[in-house]
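Peer 1: One structure is given below, represented as structure tokens, and several questions about it will come after.
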Amino acid sequence: MRVIFDPTQISRPTAIALGNFDGVHVGHCRVIAPILPKALRDPSLTSTVVSFSPHPQEFFSQKQRLLLAPFDEKVALLKLLGVEQLVLLPFDADLAKLTAAEFIQKILIDSLQVELISVGFDFHFGQKRQGNVTDLHNIWGDRLTVIPEQTMQINDPSPIRISSSNIRVALAKGEVDLANALLGRPYNLVGKVIQGKQLGRTIGFPTANLDLPPQKCLPRDGVYAVRVNISSSSKPIFGVMNIGLRPTVNGDRRSVEVHLFDWQGDLYNQELNVDLVKFIRPEQKFASLDALKDQIKADCQTALNHLAVLT
């Protein structure tokens with residue numbers, strides 16, 4: 001998949017899915033599906049996801065937005081779907097002031113030479129979000145696909161909307177099952193192993209400290225059962241992960257640490273891809289290291305019970 005920042009490098013004409021697609025969740029995949037190569041009847045069209053960098057909300061608020069899938073993760077997910085090119089439009093003052101009509105003409109028609117479009121039902125564009133799917137339909141007619149609101153029936157009798165916002169809420173509560181269902185895959189953390197304080201090995205539970213992208217949205221602080229893919233291993237390894245400040249040892253900054261079951265070897269500088277399987281408990285402060293050690297033993301057994309269904 002080609003990643004395009006320079007509009008002169010775009011492969012045209014295009015069939016596009018238009019949106020932010022943070023997380024590339026189940027709903028996003030349904031928006032993208034109509035423009036994938038296997039769905040296109042015209043092989044001359046290039047299947048293209050068109051997104052914005054930075055996220056429009058980040059531009060207007062001037063505050064960094066935490067993302068379900070930072071750039072490298074988004075690229076990898078779109079590539080897996082079979083998208084041929086990702087076009088990132090620079091969301092700056094010039095783009096923000098384009099009217100809906102100007103956005104259609106300058107971006108969609110002149111730059112992208114769009115033949116087919118797929119969007120979500122609530123997609124808006126142009127200055128003050130004045131443009132909507134009706135404006136797109138007026139130009140593209142039946143060459144426009146509008147995906148209706150996507151919902152999922154899980155445990156609650158009321159269906160829940162599939163959205164990045166609801167995934168963030170679920171993660172903040174530690175509701176891993178819900179977040180994973182809405183995503184259509186396990187929520188994961190991808191980072192390299194860096195040097196830590198090595199306190200875990202002193203109590204018999206060595207941990208790998210992950211260096212994550214600063215924009216990555218972290219779930220609730222606490223302990224999780226996880227499945228870990230390691231760059232040097234051909235099969236996933238089970239383990240437990242702790243996110244938090246480590247209050248028992250007077251930690252002063254948030255860390256993400258993974259203890260792997262049945263693993264021997266040096267992990268420094270290796271990339272770990274950690275799938276969240278189950279939230280076990282919130283982080284807490286213990287009266288002693290021995291009490292912490294006993295709890296970690298219990299956490300490991302709880303994690304193994306949850307992970308047993310994956311074997």
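In the structure tokens, the first chain shown is A, the next is B, and so on; residue numbers restart at 1 for each chain, and ligands run from 1 in the order shown.
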Using only C-alpha atoms, find each residue in stretch 189-262 of chain A having at least one atom no more than 7 Å away from stretch 278-286 of chain A; report its shortest atom-to-atom pair and that distance in Å (one decimal), rows by chain then rising number, as JSON lines.

Peer 2:
```
{"residue": "A:Asp221", "atom": "CA", "partner": "A:Glu283", "partner_atom": "CA", "distance": 6.0}
{"residue": "A:Gly222", "atom": "CA", "partner": "A:Pro282", "partner_atom": "CA", "distance": 4.0}
{"residue": "A:Val223", "atom": "CA", "partner": "A:Ile280", "partner_atom": "CA", "distance": 5.4}
{"residue": "A:Tyr224", "atom": "CA", "partner": "A:Phe279", "partner_atom": "CA", "distance": 4.5}
{"residue": "A:Ala225", "atom": "CA", "partner": "A:Lys278", "partner_atom": "CA", "distance": 5.1}
{"residue": "A:Gly244", "atom": "CA", "partner": "A:Glu283", "partner_atom": "CA", "distance": 6.7}
{"residue": "A:Pro247", "atom": "CA", "partner": "A:Lys285", "partner_atom": "CA", "distance": 5.2}
{"residue": "A:Thr248", "atom": "CA", "partner": "A:Lys285", "partner_atom": "CA", "distance": 4.8}
```

Peer 1: Write a file of the selected residues as a short mmCIF file (atom, residue, chain, number, x, y, z; two decimals), in the first residue's frame, keeping all heavy atoms.

Peer 2:
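Listed below is the output, selection38.cif:
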```
data_model
loop_
_atom_site.label_atom_id
_atom_site.label_comp_id
_atom_site.auth_asym_id
_atom_site.auth_seq_id
_atom_site.Cartn_x
_atom_site.Cartn_y
_atom_site.Cartn_z
N ASP A 221 -5.84 1.93 33.98
CA ASP A 221 -4.73 1.40 34.76
C ASP A 221 -5.16 0.12 35.46
O ASP A 221 -6.27 0.01 35.98
CB ASP A 221 -4.28 2.41 35.82
CG ASP A 221 -3.47 3.56 35.22
OD1 ASP A 221 -3.23 3.56 34.00
OD2 ASP A 221 -3.09 4.46 36.00
N GLY A 222 -4.25 -0.85 35.46
CA GLY A 222 -4.57 -2.10 36.12
C GLY A 222 -3.84 -3.27 35.49
O GLY A 222 -2.88 -3.10 34.72
N VAL A 223 -4.30 -4.48 35.80
CA VAL A 223 -3.67 -5.71 35.36
C VAL A 223 -4.55 -6.41 34.33
O VAL A 223 -5.77 -6.50 34.50
CB VAL A 223 -3.43 -6.65 36.57
CG1 VAL A 223 -2.77 -7.95 36.13
CG2 VAL A 223 -2.56 -5.94 37.62
N TYR A 224 -3.90 -6.91 33.28
CA TYR A 224 -4.61 -7.52 32.15
C TYR A 224 -4.02 -8.88 31.81
O TYR A 224 -2.79 -9.09 31.91
CB TYR A 224 -4.51 -6.65 30.90
CG TYR A 224 -5.21 -5.32 31.01
CD1 TYR A 224 -4.62 -4.25 31.67
CD2 TYR A 224 -6.47 -5.13 30.44
CE1 TYR A 224 -5.26 -3.02 31.77
CE2 TYR A 224 -7.12 -3.91 30.53
CZ TYR A 224 -6.51 -2.87 31.20
OH TYR A 224 -7.16 -1.65 31.29
N ALA A 225 -4.87 -9.79 31.38
CA ALA A 225 -4.40 -11.01 30.71
C ALA A 225 -4.14 -10.64 29.26
O ALA A 225 -4.98 -10.00 28.62
CB ALA A 225 -5.46 -12.10 30.81
N GLY A 244 0.25 1.45 34.84
CA GLY A 244 0.02 2.33 35.97
C GLY A 244 1.29 2.90 36.56
O GLY A 244 2.36 2.86 35.95
N PRO A 247 2.35 1.98 42.55
CA PRO A 247 2.36 2.68 43.84
C PRO A 247 3.09 1.93 44.95
O PRO A 247 3.62 2.55 45.87
CB PRO A 247 0.87 2.85 44.17
CG PRO A 247 0.18 1.78 43.39
CD PRO A 247 0.97 1.63 42.14
N THR A 248 3.13 0.59 44.87
CA THR A 248 3.79 -0.17 45.94
C THR A 248 5.28 0.15 46.02
O THR A 248 5.89 0.10 47.09
CB THR A 248 3.58 -1.68 45.72
OG1 THR A 248 2.17 -1.94 45.62
CG2 THR A 248 4.16 -2.50 46.87
#
```

Peer 1: A:Arg129: which residues within 12 Å, counting only C-alpha atoms, same-chain residues fewer than 5 positions away excluded, as a PDB file with C-alpha atoms, in the first residue's frame?

Peer 2:
```pdb
ATOM      1  CA  PRO A  56      -9.389  17.891  12.699  1.00  0.00           C
ATOM      2  CA  GLN A  57     -10.286  17.939  16.407  1.00  0.00           C
ATOM      3  CA  LEU A  95      -8.042  23.195   4.307  1.00  0.00           C
ATOM      4  CA  ALA A  96     -10.209  24.201   7.273  1.00  0.00           C
ATOM      5  CA  LYS A  97     -11.512  27.316   5.501  1.00  0.00           C
ATOM      6  CA  LEU A  98     -12.554  25.517   2.311  1.00  0.00           C
ATOM      7  CA  THR A  99     -16.300  25.607   1.809  1.00  0.00           C
ATOM      8  CA  ALA A 100     -18.079  22.329   1.087  1.00  0.00           C
ATOM      9  CA  ALA A 101     -18.280  23.241  -2.607  1.00  0.00           C
ATOM     10  CA  PHE A 103     -13.644  20.864  -0.973  1.00  0.00           C
ATOM     11  CA  ASP A 122     -22.811  11.236   9.548  1.00  0.00           C
ATOM     12  CA  PHE A 123     -19.794  12.360   7.522  1.00  0.00           C
ATOM     13  CA  HIS A 124     -19.398  16.159   7.311  1.00  0.00           C
ATOM     14  CA  ASP A 135     -23.951  17.340  -1.209  1.00  0.00           C
TER      15      ASP A 135
END
```

Peer 1: Just give me the gap between atom CA of A:Leu78 and atom CA of A:Val24 in Å, one decimal is fine.

Peer 2: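 Separation of atom CA of A:Leu78 and atom CA of A:Val24: 7.6 Å.
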
Peer 1: Do a neighbour search on A:Asn273 at 8 Å with only C-alpha atoms, toss out local chain neighbours closer than 2 positions, and write the hits as number ranges by chain.

Peer 2: A: 188-191, 228-230, 271, 275

Peer 1: Of the residues A:Leu260, A:Ala308, A:Ile10, A:Ile154, which is the one nearest to A:Ile107, using only C-alpha atoms?

Peer 2: A:Ile10

Peer 1: Counting only C-alpha atoms, which of A:Lys235, A:Arg41, A:Arg2, A:Pro213 gets nearest to A:Trp263?

Peer 2: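 Between A:Lys235, A:Arg41, A:Arg2, A:Pro213, the residue approaching A:Trp263 most closely is A:Lys235.
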
Peer 1: Could you please write out, as a PyMOL selection string, every residue of stretch 64-277 of chain A that DSSP assigns to alpha helix (DSSP H)?

Peer 2: chain A and resi 71-81+93-96+100-102+133-140+164-173+176-183

Peer 1: Using only C-alpha atoms, which of A:Gln301, A:Thr207, A:Gly239, A:Leu292 sits nearest A:Tyr268?

Peer 2: A:Thr207

Peer 1: Looking at A:Asp42, A:Glu175, A:Glu58, A:Asp266, which one is nearest to A:Leu116, with distances taken over only C-alpha atoms?

Peer 2: A:Asp42

Peer 1: Set out as CSV a contact list for stretch 17-99 of chain A and stretch 118-121 of chain A with a cut-off of 8 Å, giving each residue of stretch 17-99 of chain A that qualifies its closest atom pair and distance in Å to one decimal, counting only C-alpha atoms, ordered by chain and rising residue number.

Peer 2:
```
residue,atom,partner,partner_atom,distance
A:Ala17,CA,A:Ser118,CA,4.7
A:Leu18,CA,A:Val119,CA,5.6
A:Gly19,CA,A:Val119,CA,7.0
A:Val31,CA,A:Val119,CA,5.8
A:Ile32,CA,A:Ser118,CA,6.9
A:Pro34,CA,A:Ser118,CA,6.8
A:Ile35,CA,A:Ser118,CA,7.1
```

Peer 1: So how many Å separate atom CA of A:Met1 and atom CA of A:Leu40, to one decimal?

Peer 2: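 Result for atom CA of A:Met1 versus atom CA of A:Leu40: 16.7 Å, one decimal.
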